[in-house]
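Printed here is model-v9.cif (mmCIF, C-alpha atoms and all ligand atoms):
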```
data_target
#
loop_
_atom_site.label_atom_id
_atom_site.label_comp_id
_atom_site.auth_asym_id
_atom_site.auth_seq_id
_atom_site.Cartn_x
_atom_site.Cartn_y
_atom_site.Cartn_z
CA MET A 1 19.16 17.24 -18.38
CA LYS A 2 16.58 16.47 -15.78
CA ARG A 3 15.20 18.14 -12.66
CA MET A 4 13.12 16.52 -9.90
CA THR A 5 11.35 18.19 -6.99
CA TYR A 6 10.07 16.08 -4.14
CA MET A 7 8.94 16.29 -0.56
CA SER A 8 9.18 13.67 2.19
CA SER A 9 8.70 13.27 5.92
CA PHE A 10 11.38 12.45 8.49
CA ALA A 11 11.11 8.76 9.33
CA ARG A 12 12.17 9.61 12.90
CA SER A 13 13.29 12.73 14.67
CA LEU A 14 16.51 14.02 13.08
CA SER A 15 18.86 16.39 14.93
CA PRO A 16 20.27 19.49 13.17
CA GLU A 17 23.65 17.65 13.18
CA GLU A 18 22.14 14.67 11.31
CA ILE A 19 20.62 17.01 8.75
CA ASP A 20 24.00 18.73 8.37
CA GLN A 21 25.55 15.31 7.78
CA ILE A 22 23.02 14.50 5.05
CA GLY A 23 23.77 17.86 3.42
CA ALA A 24 27.57 17.52 3.70
CA HIS A 25 27.58 13.99 2.25
CA ALA A 26 25.14 15.03 -0.50
CA SER A 27 27.24 18.01 -1.41
CA ARG A 28 30.49 15.98 -1.71
CA ARG A 29 28.87 13.19 -3.68
CA ASN A 30 26.87 15.53 -5.93
CA ALA A 31 30.03 17.47 -6.84
CA LEU A 32 31.44 14.21 -8.23
CA ASP A 33 28.17 13.26 -9.99
CA GLY A 34 27.44 16.67 -11.53
CA ILE A 35 24.26 17.15 -9.48
CA THR A 36 23.16 20.54 -8.22
CA GLY A 37 20.17 21.61 -6.14
CA ALA A 38 18.73 22.64 -2.82
CA LEU A 39 17.48 20.83 0.27
CA LEU A 40 15.05 22.59 2.61
CA THR A 41 13.82 21.28 5.94
CA LEU A 42 10.88 22.63 7.90
CA GLY A 43 9.37 20.86 10.90
CA SER A 44 9.79 17.22 10.01
CA VAL A 45 9.53 17.67 6.25
CA PHE A 46 12.20 17.70 3.53
CA PHE A 47 11.80 19.56 0.24
CA GLN A 48 14.50 18.84 -2.29
CA ILE A 49 15.30 19.88 -5.85
CA ILE A 50 17.91 17.85 -7.72
CA GLU A 51 19.13 18.56 -11.23
CA GLY A 52 21.77 17.14 -13.56
CA ASP A 53 22.27 14.59 -16.31
CA ASP A 54 19.31 12.20 -16.65
CA ARG A 55 21.27 9.14 -15.54
CA ALA A 56 22.85 10.88 -12.54
CA VAL A 57 19.47 12.25 -11.36
CA ASP A 58 17.78 8.86 -11.78
CA ASP A 59 20.59 7.13 -9.84
CA LEU A 60 20.40 9.67 -7.04
CA TYR A 61 16.61 9.51 -6.82
CA THR A 62 16.79 5.69 -6.64
CA ARG A 63 19.23 5.98 -3.70
CA VAL A 64 17.07 8.64 -2.04
CA LEU A 65 13.96 6.42 -2.33
CA ARG A 66 15.80 3.68 -0.44
CA ASP A 67 17.02 5.98 2.34
CA ASP A 68 15.31 5.01 5.59
CA ARG A 69 15.82 8.42 7.19
CA HIS A 70 12.71 9.67 5.41
CA THR A 71 9.38 8.27 4.28
CA ASP A 72 6.15 9.21 2.38
CA ILE A 73 8.25 10.50 -0.51
CA ILE A 74 6.11 12.26 -3.12
CA CYS A 75 7.64 13.62 -6.28
CA LEU A 76 5.97 16.95 -6.95
CA ARG A 77 7.43 17.40 -10.41
CA THR A 78 9.76 15.69 -12.84
CA GLU A 79 11.14 17.88 -15.61
CA PRO A 80 12.75 15.46 -18.06
CA ASN A 81 13.79 18.12 -20.56
CA ALA A 82 15.10 20.89 -18.33
CA THR A 83 17.18 23.21 -20.46
CA HIS A 84 19.37 24.79 -17.80
CA ARG A 85 20.28 24.51 -14.14
CA LEU A 86 18.44 26.67 -11.62
CA PHE A 87 21.18 26.20 -9.01
CA PRO A 88 24.44 25.90 -10.98
CA ASP A 89 26.61 26.93 -8.01
CA TRP A 90 25.07 24.68 -5.34
CA SER A 91 26.18 21.07 -5.21
CA MET A 92 23.50 20.87 -2.48
CA ASN A 93 22.71 23.86 -0.33
CA VAL A 94 20.83 22.96 2.83
CA PHE A 95 18.40 25.40 4.40
CA ASP A 96 17.07 24.45 7.80
CA LEU A 97 14.10 26.81 7.79
CA ASP A 98 13.39 26.20 11.48
CA GLN A 99 16.80 27.71 12.29
CA THR A 100 16.47 30.48 9.73
CA VAL A 101 15.37 33.80 11.13
CA GLY A 102 14.81 36.67 8.82
CA GLY A 103 12.24 39.06 7.58
CA GLY A 104 11.29 39.60 4.00
CA VAL A 105 10.38 36.45 2.16
CA VAL A 106 11.54 33.87 4.74
CA GLN A 107 8.54 34.11 7.06
CA PRO A 108 5.84 33.75 4.36
CA LEU A 109 7.88 31.02 2.67
CA LYS A 110 8.01 29.02 5.91
CA LEU A 111 4.27 29.49 6.37
CA LEU A 112 3.56 28.48 2.80
CA LEU A 113 5.69 25.32 2.89
CA GLY A 114 4.23 24.36 6.28
CA ARG A 115 0.67 24.72 4.95
CA MET A 116 1.62 22.87 1.78
CA SER A 117 2.88 19.86 3.71
CA GLU A 118 -0.24 19.85 5.94
CA ALA A 119 -2.44 19.93 2.83
CA GLN A 120 -0.30 17.19 1.26
CA HIS A 121 -0.96 14.91 4.26
CA ILE A 122 -4.71 15.53 4.03
CA ILE A 123 -4.78 14.88 0.27
CA GLU A 124 -2.63 11.79 0.77
CA SER A 125 -5.27 10.25 3.08
CA TYR A 126 -7.86 10.58 0.31
CA THR A 127 -5.56 9.29 -2.42
CA GLN A 128 -5.43 5.74 -3.68
CA PRO A 129 -2.19 4.01 -2.68
CA ALA A 130 -1.53 3.22 -6.37
CA VAL A 131 -1.53 6.93 -7.24
CA SER A 132 0.82 7.78 -4.37
CA ARG A 133 3.17 4.99 -5.46
CA ILE A 134 3.23 6.24 -9.04
CA MET A 135 3.97 9.77 -7.81
CA THR A 136 6.70 8.50 -5.50
CA GLN A 137 8.36 7.02 -8.60
CA GLY A 138 8.45 10.52 -10.10
CA LEU A 139 5.75 9.73 -12.68
CA ASN A 140 2.57 11.64 -13.43
CA PRO A 141 -0.39 9.21 -13.20
CA LEU A 142 -2.34 11.33 -15.67
CA GLU A 143 0.33 10.70 -18.31
CA ILE A 144 0.52 6.92 -17.89
CA PRO A 145 -1.20 5.24 -20.86
CA LEU A 146 -4.10 2.88 -20.18
CA LYS A 147 -3.11 -0.78 -20.32
CA LYS A 148 -5.00 -4.03 -20.83
CA VAL A 149 -4.01 -6.51 -18.12
CA GLU A 150 -5.33 -9.61 -16.38
CA ARG A 151 -6.45 -9.02 -12.82
CA VAL A 152 -8.23 -10.86 -10.02
CA VAL A 153 -11.01 -8.50 -8.97
CA LEU A 154 -12.44 -8.63 -5.46
CA PHE A 155 -15.67 -7.06 -4.26
CA THR A 156 -16.77 -7.15 -0.66
CA ASP A 157 -19.36 -5.35 1.44
CA MET A 158 -21.24 -5.67 4.68
CA VAL A 159 -24.30 -7.90 4.86
CA ALA A 160 -27.62 -6.05 5.46
CA PHE A 161 -25.84 -2.73 5.82
CA SER A 162 -28.81 -0.58 4.71
CA THR A 163 -31.13 -2.23 7.25
CA ILE A 164 -28.52 -1.92 9.98
CA SER A 165 -27.51 1.68 9.25
CA ASP A 166 -31.17 2.82 9.18
CA ARG A 167 -31.52 1.78 12.81
CA LEU A 168 -28.22 2.97 14.28
CA ALA A 169 -26.98 6.34 15.52
CA ILE A 170 -24.65 8.15 13.11
CA GLU A 171 -21.63 7.56 15.37
CA ASP A 172 -22.33 3.81 15.45
CA VAL A 173 -22.71 3.66 11.68
CA SER A 174 -19.47 5.56 11.22
CA GLU A 175 -17.63 3.33 13.71
CA LEU A 176 -19.00 0.22 12.04
CA VAL A 177 -18.03 1.30 8.53
CA SER A 178 -14.56 2.44 9.66
CA THR A 179 -13.96 -0.88 11.44
CA TYR A 180 -15.08 -2.77 8.36
CA LEU A 181 -13.10 -0.75 5.82
CA GLU A 182 -9.98 -0.81 8.03
CA THR A 183 -10.20 -4.59 8.44
CA CYS A 184 -10.68 -5.09 4.69
CA SER A 185 -8.03 -2.65 3.48
CA THR A 186 -5.39 -3.90 5.90
CA ALA A 187 -5.96 -7.55 4.97
CA ILE A 188 -6.05 -6.79 1.23
CA ALA A 189 -2.87 -4.67 1.34
CA ARG A 190 -1.15 -7.36 3.46
CA SER A 191 -1.91 -9.89 0.71
CA GLY A 192 -0.49 -7.59 -1.97
CA GLY A 193 -3.83 -6.36 -3.31
CA GLU A 194 -4.73 -2.85 -4.32
CA VAL A 195 -7.82 -1.17 -2.87
CA THR A 196 -9.12 0.95 -5.70
CA LYS A 197 -12.43 2.20 -4.35
CA PHE A 198 -14.67 2.39 -1.33
CA LEU A 199 -18.32 2.34 -2.33
CA GLY A 200 -20.07 3.29 0.88
CA ASP A 201 -19.56 0.18 3.00
CA GLY A 202 -18.20 -1.72 -0.04
CA VAL A 203 -14.63 -2.28 -1.16
CA MET A 204 -13.37 -2.86 -4.69
CA ALA A 205 -9.85 -4.25 -4.94
CA TYR A 206 -7.66 -6.08 -7.39
CA PHE A 207 -4.70 -8.43 -7.40
CA ASP A 208 -2.22 -9.54 -10.07
CA ALA A 209 -3.51 -12.37 -12.26
CA ASP A 210 -1.14 -14.87 -10.60
CA ALA A 211 -2.27 -13.89 -7.10
CA ALA A 212 -5.59 -15.77 -6.86
CA ASP A 213 -4.29 -17.47 -3.69
CA GLU A 214 -3.44 -14.15 -2.12
CA ALA A 215 -6.88 -12.78 -3.05
CA LEU A 216 -8.59 -15.77 -1.42
CA GLN A 217 -6.31 -15.47 1.59
CA SER A 218 -7.39 -11.86 2.08
CA CYS A 219 -11.07 -12.97 2.05
CA LEU A 220 -10.34 -15.66 4.61
CA ASP A 221 -8.40 -13.21 6.78
CA ILE A 222 -11.20 -10.64 6.69
CA HIS A 223 -13.80 -13.33 7.39
CA HIS A 224 -11.85 -14.53 10.47
CA GLU A 225 -11.00 -11.07 11.72
CA LEU A 226 -14.66 -10.00 11.54
CA LYS A 227 -15.58 -13.08 13.59
CA LEU A 228 -13.04 -12.07 16.24
CA ILE A 229 -14.39 -8.51 16.21
CA ARG A 230 -17.98 -9.79 16.69
CA GLU A 231 -16.95 -12.11 19.51
CA ALA A 232 -15.00 -9.41 21.35
CA ALA A 233 -17.78 -6.83 21.03
CA PRO A 234 -19.84 -5.84 24.11
CA VAL A 235 -23.53 -6.85 24.05
CA ARG A 236 -24.78 -3.45 22.85
CA SER A 237 -22.00 -2.85 20.33
CA ALA A 238 -22.84 -2.52 16.63
CA ARG A 239 -19.70 -4.54 15.96
CA ARG A 240 -21.76 -7.66 16.71
CA LEU A 241 -23.51 -7.06 13.37
CA ILE A 242 -20.44 -7.10 11.15
CA TYR A 243 -20.69 -9.82 8.49
CA SER A 244 -19.36 -9.76 4.97
CA GLY A 245 -19.70 -11.33 1.50
CA PHE A 246 -16.98 -11.62 -1.17
CA GLY A 247 -17.08 -11.98 -4.96
CA LEU A 248 -14.00 -12.76 -7.06
CA ALA A 249 -13.50 -12.83 -10.82
CA LEU A 250 -10.43 -13.09 -13.04
CA GLY A 251 -9.93 -11.77 -16.56
CA PRO A 252 -8.79 -8.92 -18.77
CA VAL A 253 -9.44 -5.38 -17.55
CA ILE A 254 -8.34 -1.92 -18.62
CA GLU A 255 -6.20 -0.32 -15.93
CA GLY A 256 -5.28 3.33 -15.62
CA SER A 257 -6.53 6.83 -14.93
CA MET A 258 -10.18 7.22 -15.76
CA GLY A 259 -12.72 9.80 -14.77
CA SER A 260 -13.77 13.30 -15.53
CA SER A 261 -12.56 16.85 -15.18
CA VAL A 262 -14.17 16.80 -11.70
CA LYS A 263 -12.48 13.67 -10.37
CA MET A 264 -10.05 11.06 -11.62
CA ASP A 265 -9.61 7.48 -10.39
CA TYR A 266 -6.71 5.17 -11.04
CA THR A 267 -8.81 2.07 -11.45
CA ILE A 268 -9.81 -0.91 -13.56
CA ILE A 269 -12.86 -1.46 -15.75
CA GLY A 270 -14.09 -4.52 -17.60
CA GLU A 271 -16.21 -7.62 -17.41
CA PRO A 272 -14.50 -9.20 -14.35
CA VAL A 273 -15.34 -6.06 -12.35
CA ASN A 274 -19.07 -6.46 -13.07
CA THR A 275 -18.92 -10.22 -12.51
CA ALA A 276 -17.16 -9.86 -9.14
CA ALA A 277 -19.78 -7.32 -8.02
CA ARG A 278 -22.62 -9.62 -9.07
CA LEU A 279 -21.04 -12.63 -7.35
CA GLU A 280 -20.68 -10.62 -4.20
CA ALA A 281 -24.42 -9.81 -4.28
CA LEU A 282 -25.12 -13.50 -4.94
CA THR A 283 -23.45 -14.56 -1.68
CA ARG A 284 -26.70 -13.61 0.12
CA THR A 285 -28.91 -15.64 -2.19
CA LEU A 286 -26.65 -18.70 -2.10
CA ASN A 287 -25.89 -18.09 1.57
CA THR A 288 -22.18 -18.68 1.28
CA PRO A 289 -19.69 -15.88 2.02
CA VAL A 290 -17.04 -16.35 -0.71
CA LEU A 291 -18.01 -16.89 -4.35
CA MET A 292 -15.70 -16.94 -7.36
CA THR A 293 -15.64 -17.67 -11.07
CA GLU A 294 -14.13 -20.85 -12.44
CA ALA A 295 -11.14 -18.86 -13.72
CA VAL A 296 -10.28 -17.83 -10.14
CA ALA A 297 -10.71 -21.39 -8.85
CA ARG A 298 -8.42 -22.68 -11.62
CA ALA A 299 -5.79 -20.00 -11.02
CA THR A 300 -5.20 -21.08 -7.41
CA ARG A 301 -2.06 -23.06 -6.64
CA ARG A 302 -2.63 -23.79 -2.97
CA ARG A 303 -5.08 -26.41 -1.75
CA TRP A 304 -8.38 -24.75 -0.95
CA GLU A 305 -11.73 -26.31 -0.22
CA ILE A 306 -13.45 -24.96 -3.31
CA SER A 307 -16.59 -26.52 -4.73
CA PHE A 308 -18.82 -25.90 -7.74
CA VAL A 309 -22.15 -24.41 -6.65
CA ASP A 310 -24.21 -23.73 -9.76
CA ALA A 311 -24.22 -22.19 -13.22
CA VAL A 312 -25.81 -18.80 -12.69
CA ASP A 313 -27.14 -16.10 -14.98
CA LEU A 314 -24.95 -13.09 -14.21
CA GLY A 315 -26.37 -10.96 -16.99
CA ARG A 316 -24.11 -12.40 -19.70
CA ASP A 317 -25.20 -14.39 -22.76
CA HIS A 318 -24.36 -17.67 -21.04
CA ALA A 319 -24.67 -19.04 -17.52
CA THR A 320 -21.51 -18.57 -15.44
CA PRO A 321 -20.24 -21.52 -13.35
CA VAL A 322 -19.92 -20.28 -9.78
CA HIS A 323 -17.62 -21.80 -7.15
CA ALA A 324 -17.60 -21.31 -3.39
CA LEU A 325 -14.81 -21.39 -0.84
CA ALA A 326 -15.69 -23.41 2.26
CA VAL A 327 -15.41 -20.83 5.01
CA GLY A 328 -18.38 -21.66 7.17
CA ALA A 329 -21.56 -19.70 6.60
CA PRO A 330 -23.61 -18.83 9.70
CA GLU A 331 -25.18 -22.04 11.00
CA GLY A 332 -28.92 -22.63 10.64
CA MET A 333 -29.70 -19.17 9.34
CA SER A 334 -29.10 -16.90 6.38
CA MET A 335 -26.17 -14.45 6.31
CA ARG A 336 -28.74 -11.66 6.45
CA SER A 337 -30.46 -13.08 9.54
CA ALA A 338 -27.08 -13.55 11.22
CA ALA A 339 -26.13 -9.95 10.53
CA THR A 340 -29.39 -8.58 11.92
CA GLN A 341 -30.03 -11.04 14.77
CA PHE A 342 -28.85 -8.62 17.48
CA LEU A 343 -30.08 -5.46 15.77
CA ASP A 344 -32.90 -4.90 18.27
CA VAL A 345 -30.50 -5.20 21.21
CA VAL A 346 -27.86 -2.97 19.61
CA ALA A 347 -30.28 -0.37 18.27
CA ALA A 348 -32.48 -0.24 21.40
CA PRO A 349 -32.08 2.91 23.46
CA PRO A 350 -30.37 2.12 26.81
CA SER A 351 -32.98 1.55 29.54
C1 LIG A 401 16.34 14.11 2.34
C2 LIG A 401 17.57 13.47 1.77
C3 LIG A 401 18.26 14.09 0.74
C4 LIG A 401 19.40 13.50 0.18
N1 LIG A 401 20.05 14.12 -0.84
C5 LIG A 401 21.15 13.54 -1.38
C6 LIG A 401 21.84 14.14 -2.47
O1 LIG A 401 21.50 15.23 -2.94
N2 LIG A 401 22.91 13.50 -2.99
C7 LIG A 401 23.36 12.30 -2.49
O2 LIG A 401 24.32 11.75 -3.01
N3 LIG A 401 22.74 11.71 -1.45
C8 LIG A 401 21.66 12.31 -0.89
N4 LIG A 401 21.01 11.70 0.15
C9 LIG A 401 21.57 10.46 0.68
C10 LIG A 401 21.16 9.29 -0.19
O3 LIG A 401 19.86 8.88 0.18
C11 LIG A 401 22.14 8.11 0.02
O4 LIG A 401 22.21 7.78 1.39
C12 LIG A 401 23.52 8.46 -0.43
O5 LIG A 401 23.50 9.07 -1.69
C13 LIG A 401 24.39 7.20 -0.50
O6 LIG A 401 25.65 7.64 -0.80
P1 LIG A 401 26.90 6.65 -0.91
O7 LIG A 401 26.58 5.69 -2.04
O8 LIG A 401 28.05 7.55 -1.22
O9 LIG A 401 27.04 5.99 0.44
C14 LIG A 401 19.89 12.28 0.73
C15 LIG A 401 19.18 11.67 1.77
C16 LIG A 401 18.05 12.26 2.30
C17 LIG A 401 17.32 11.60 3.43
#
```
How does this structure look as structure tokens?
Ligand SMILES: Cc1cc2nc3c(=O)[nH]c(=O)nc-3n(C[C@H](O)[C@H](O)[C@H](O)COP(=O)(O)O)c2cc1C
Amino acid sequence: MKRMTYMSSFARSLSPEEIDQIGAHASRRNALDGITGALLTLGSVFFQIIEGDDRAVDDLYTRVLRDDRHTDIICLRTEPNATHRLFPDWSMNVFDLDQTVGGGVVQPLKLLLGRMSEAQHIIESYTQPAVSRIMTQGLNPLEIPLKKVERVVLFTDMVAFSTISDRLAIEDVSELVSTYLETCSTAIARSGGEVTKFLGDGVMAYFDADAADEALQSCLDIHHELKLIREAAPVRSARRLIYSGFGLALGPVIEGSMGSSVKMDYTIIGEPVNTAARLEALTRTLNTPVLMTEAVARATRRRWEISFVDAVDLGRDHATPVHALAVGAPEGMSMRSAATQFLDVVAAPPS
């Protein structure tokens, strides 16, 4: 038999009557399916334990995942080989802890669960979406074996960031980086990509091997959105300095949990990662914002204005043919000059 423990957040405000309804329906249905367990609510958080035959638990958890009354579902533990039921007499007992008064253990338990869900929300904001998704599925990311897969890797970062950040106030640097990372992550996620790391002002992301078009689309979207941000920025705003370069490579990578006892990442490693990073750096030298390998250019299905630029030494034993997407580099100046052209105005103390 199997036992799963998860927590989730209300998707909207739910009245005590609605929670009673969930409990009553669960209890009736679970009695038929041989499921037992407990459902606790506190504030706007559910904690639930479900136990029963493997198939019945899996079916229930699949239905629960689809239920739009709650969201941010994180499975805290899956016990695939549970030997006995912890709640044999409860087809689903509901405890609304907000309505429960009592001394003894109730008060500290409420406090503990409340703190746990606050901590969970903080940890969640620092967690890669891929890890949260794996945990939502009831899997332990640390136990998922590494796999060799093809991926489109995307690297992007801000042009001349070190020069710019040296001259700006901390708040301006922070606002600039947040604006940049938000713009990038939103566009990448919208195109189905996975942001795996922020490296200061840089972003490393990957897409499925058949999603070269989506990867290019995300670069185009970011490029256009940054232009809009620059144009809408007041004269003294650091947002006028926000330019970006993109490098894309496609090939086999190893994907999975990697790291140390201090910190783990669910990420990818391999040659395309290094190549994408080097191409991204090369955008400054070649003064064109989006560079990609031939494999990426070939993997596209949509019509893009892509042209061969040069065969470049990217630290491999042969020169790598590099292709560029026509997205309009800054006119009459280098990307670096464009990014720093208003630096004196933006960084100058107000007169
Ligand atoms: C927090 C939460 C806990 C739930 N627990 C159960 C449960 O233990 N058993 C159950 O059958 N449905 C439970 N549900 C409801 C399921 O998500 C789903 O709506 C229901 O099982 C569909 O039942 P039906 O196929 O009989 O319509 C729960 C829903 C929520 C939001």
Legend entry - Residues within 12 Å of (14.8, 5.9, -13.9), counting all atoms listed in the file, listed as a PyMOL selection string: chain A and resi 2+4+53-63+65+78+80+136-139
Inset, instruction - Would you mind telling me which residue in A:Gly315, A:Gly114, A:Pro16, A:Gly37 lies nearest to ligand LIG 401 (chain A) when using all atoms listed in the file? - result: A:Gly37
Inset, instruction - Tell me, in Å to one decimal, how far atom CA of Phe10 of chain A is from atom CA of Trp90 of chain A. - result: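 Interatomic distance, atom CA of Phe10 of chain A to atom CA of Trp90 of chain A: 23.0 Å.
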Output, as lines of an AutoDock Vina configuration file, the centre and edge lengths in Å (one decimal) of the axis-aligned box that contains all listed atoms of ligand LIG 401 (chain A) with 5 Å of margin on each side.
```
center_x = 22.2
center_y = 10.5
center_z = 0.2
size_x = 21.7
size_y = 19.5
size_z = 16.4
```
Legend entry - Exercise: residues within 8 Å of coordinate (-22.3, -6.9, 12.4), counting only C-alpha atoms, as a ChimeraX atom specification: /A:158-159,176,230,238-243,339-340
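Where the distance criterion is 7 Å and the atoms used are all atoms listed in the file, the residues close to ligand LIG 401 (chain A) are Ile22, Gly23, His25, Ala26, Ser27, Arg29, Asn30, Leu39, Phe46, Gln48, Ile50, Leu60, Arg63, Val64, Leu65, Arg66, Asp67, Arg69, His70 and Met92 of chain A.
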Inset, instruction - Rounded to one decimal place, report the atom CA of Gln341 of chain A-atom CA of Val235 of chain A distance in Å. - result: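 So the two atoms, atom CA of Gln341 of chain A and atom CA of Val235 of chain A, lie 12.1 Å apart.
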Which residues, written as a PDB file with C-alpha atoms, in the coordinates of the input, have at least one atom at most 9 Å from Ala281 of chain A, with only C-alpha atoms counted and residues fewer than 4 positions away on the same chain left out?
```
ATOM      1  CA  THR A 156     -16.770  -7.150  -0.660  1.00  0.00           C
ATOM      2  CA  ASP A 157     -19.360  -5.350   1.440  1.00  0.00           C
ATOM      3  CA  GLY A 245     -19.700 -11.330   1.500  1.00  0.00           C
ATOM      4  CA  PHE A 246     -16.980 -11.620  -1.170  1.00  0.00           C
ATOM      5  CA  GLY A 247     -17.080 -11.980  -4.960  1.00  0.00           C
ATOM      6  CA  ALA A 276     -17.160  -9.860  -9.140  1.00  0.00           C
ATOM      7  CA  ALA A 277     -19.780  -7.320  -8.020  1.00  0.00           C
ATOM      8  CA  THR A 285     -28.910 -15.640  -2.190  1.00  0.00           C
TER       9      THR A 285
END
```
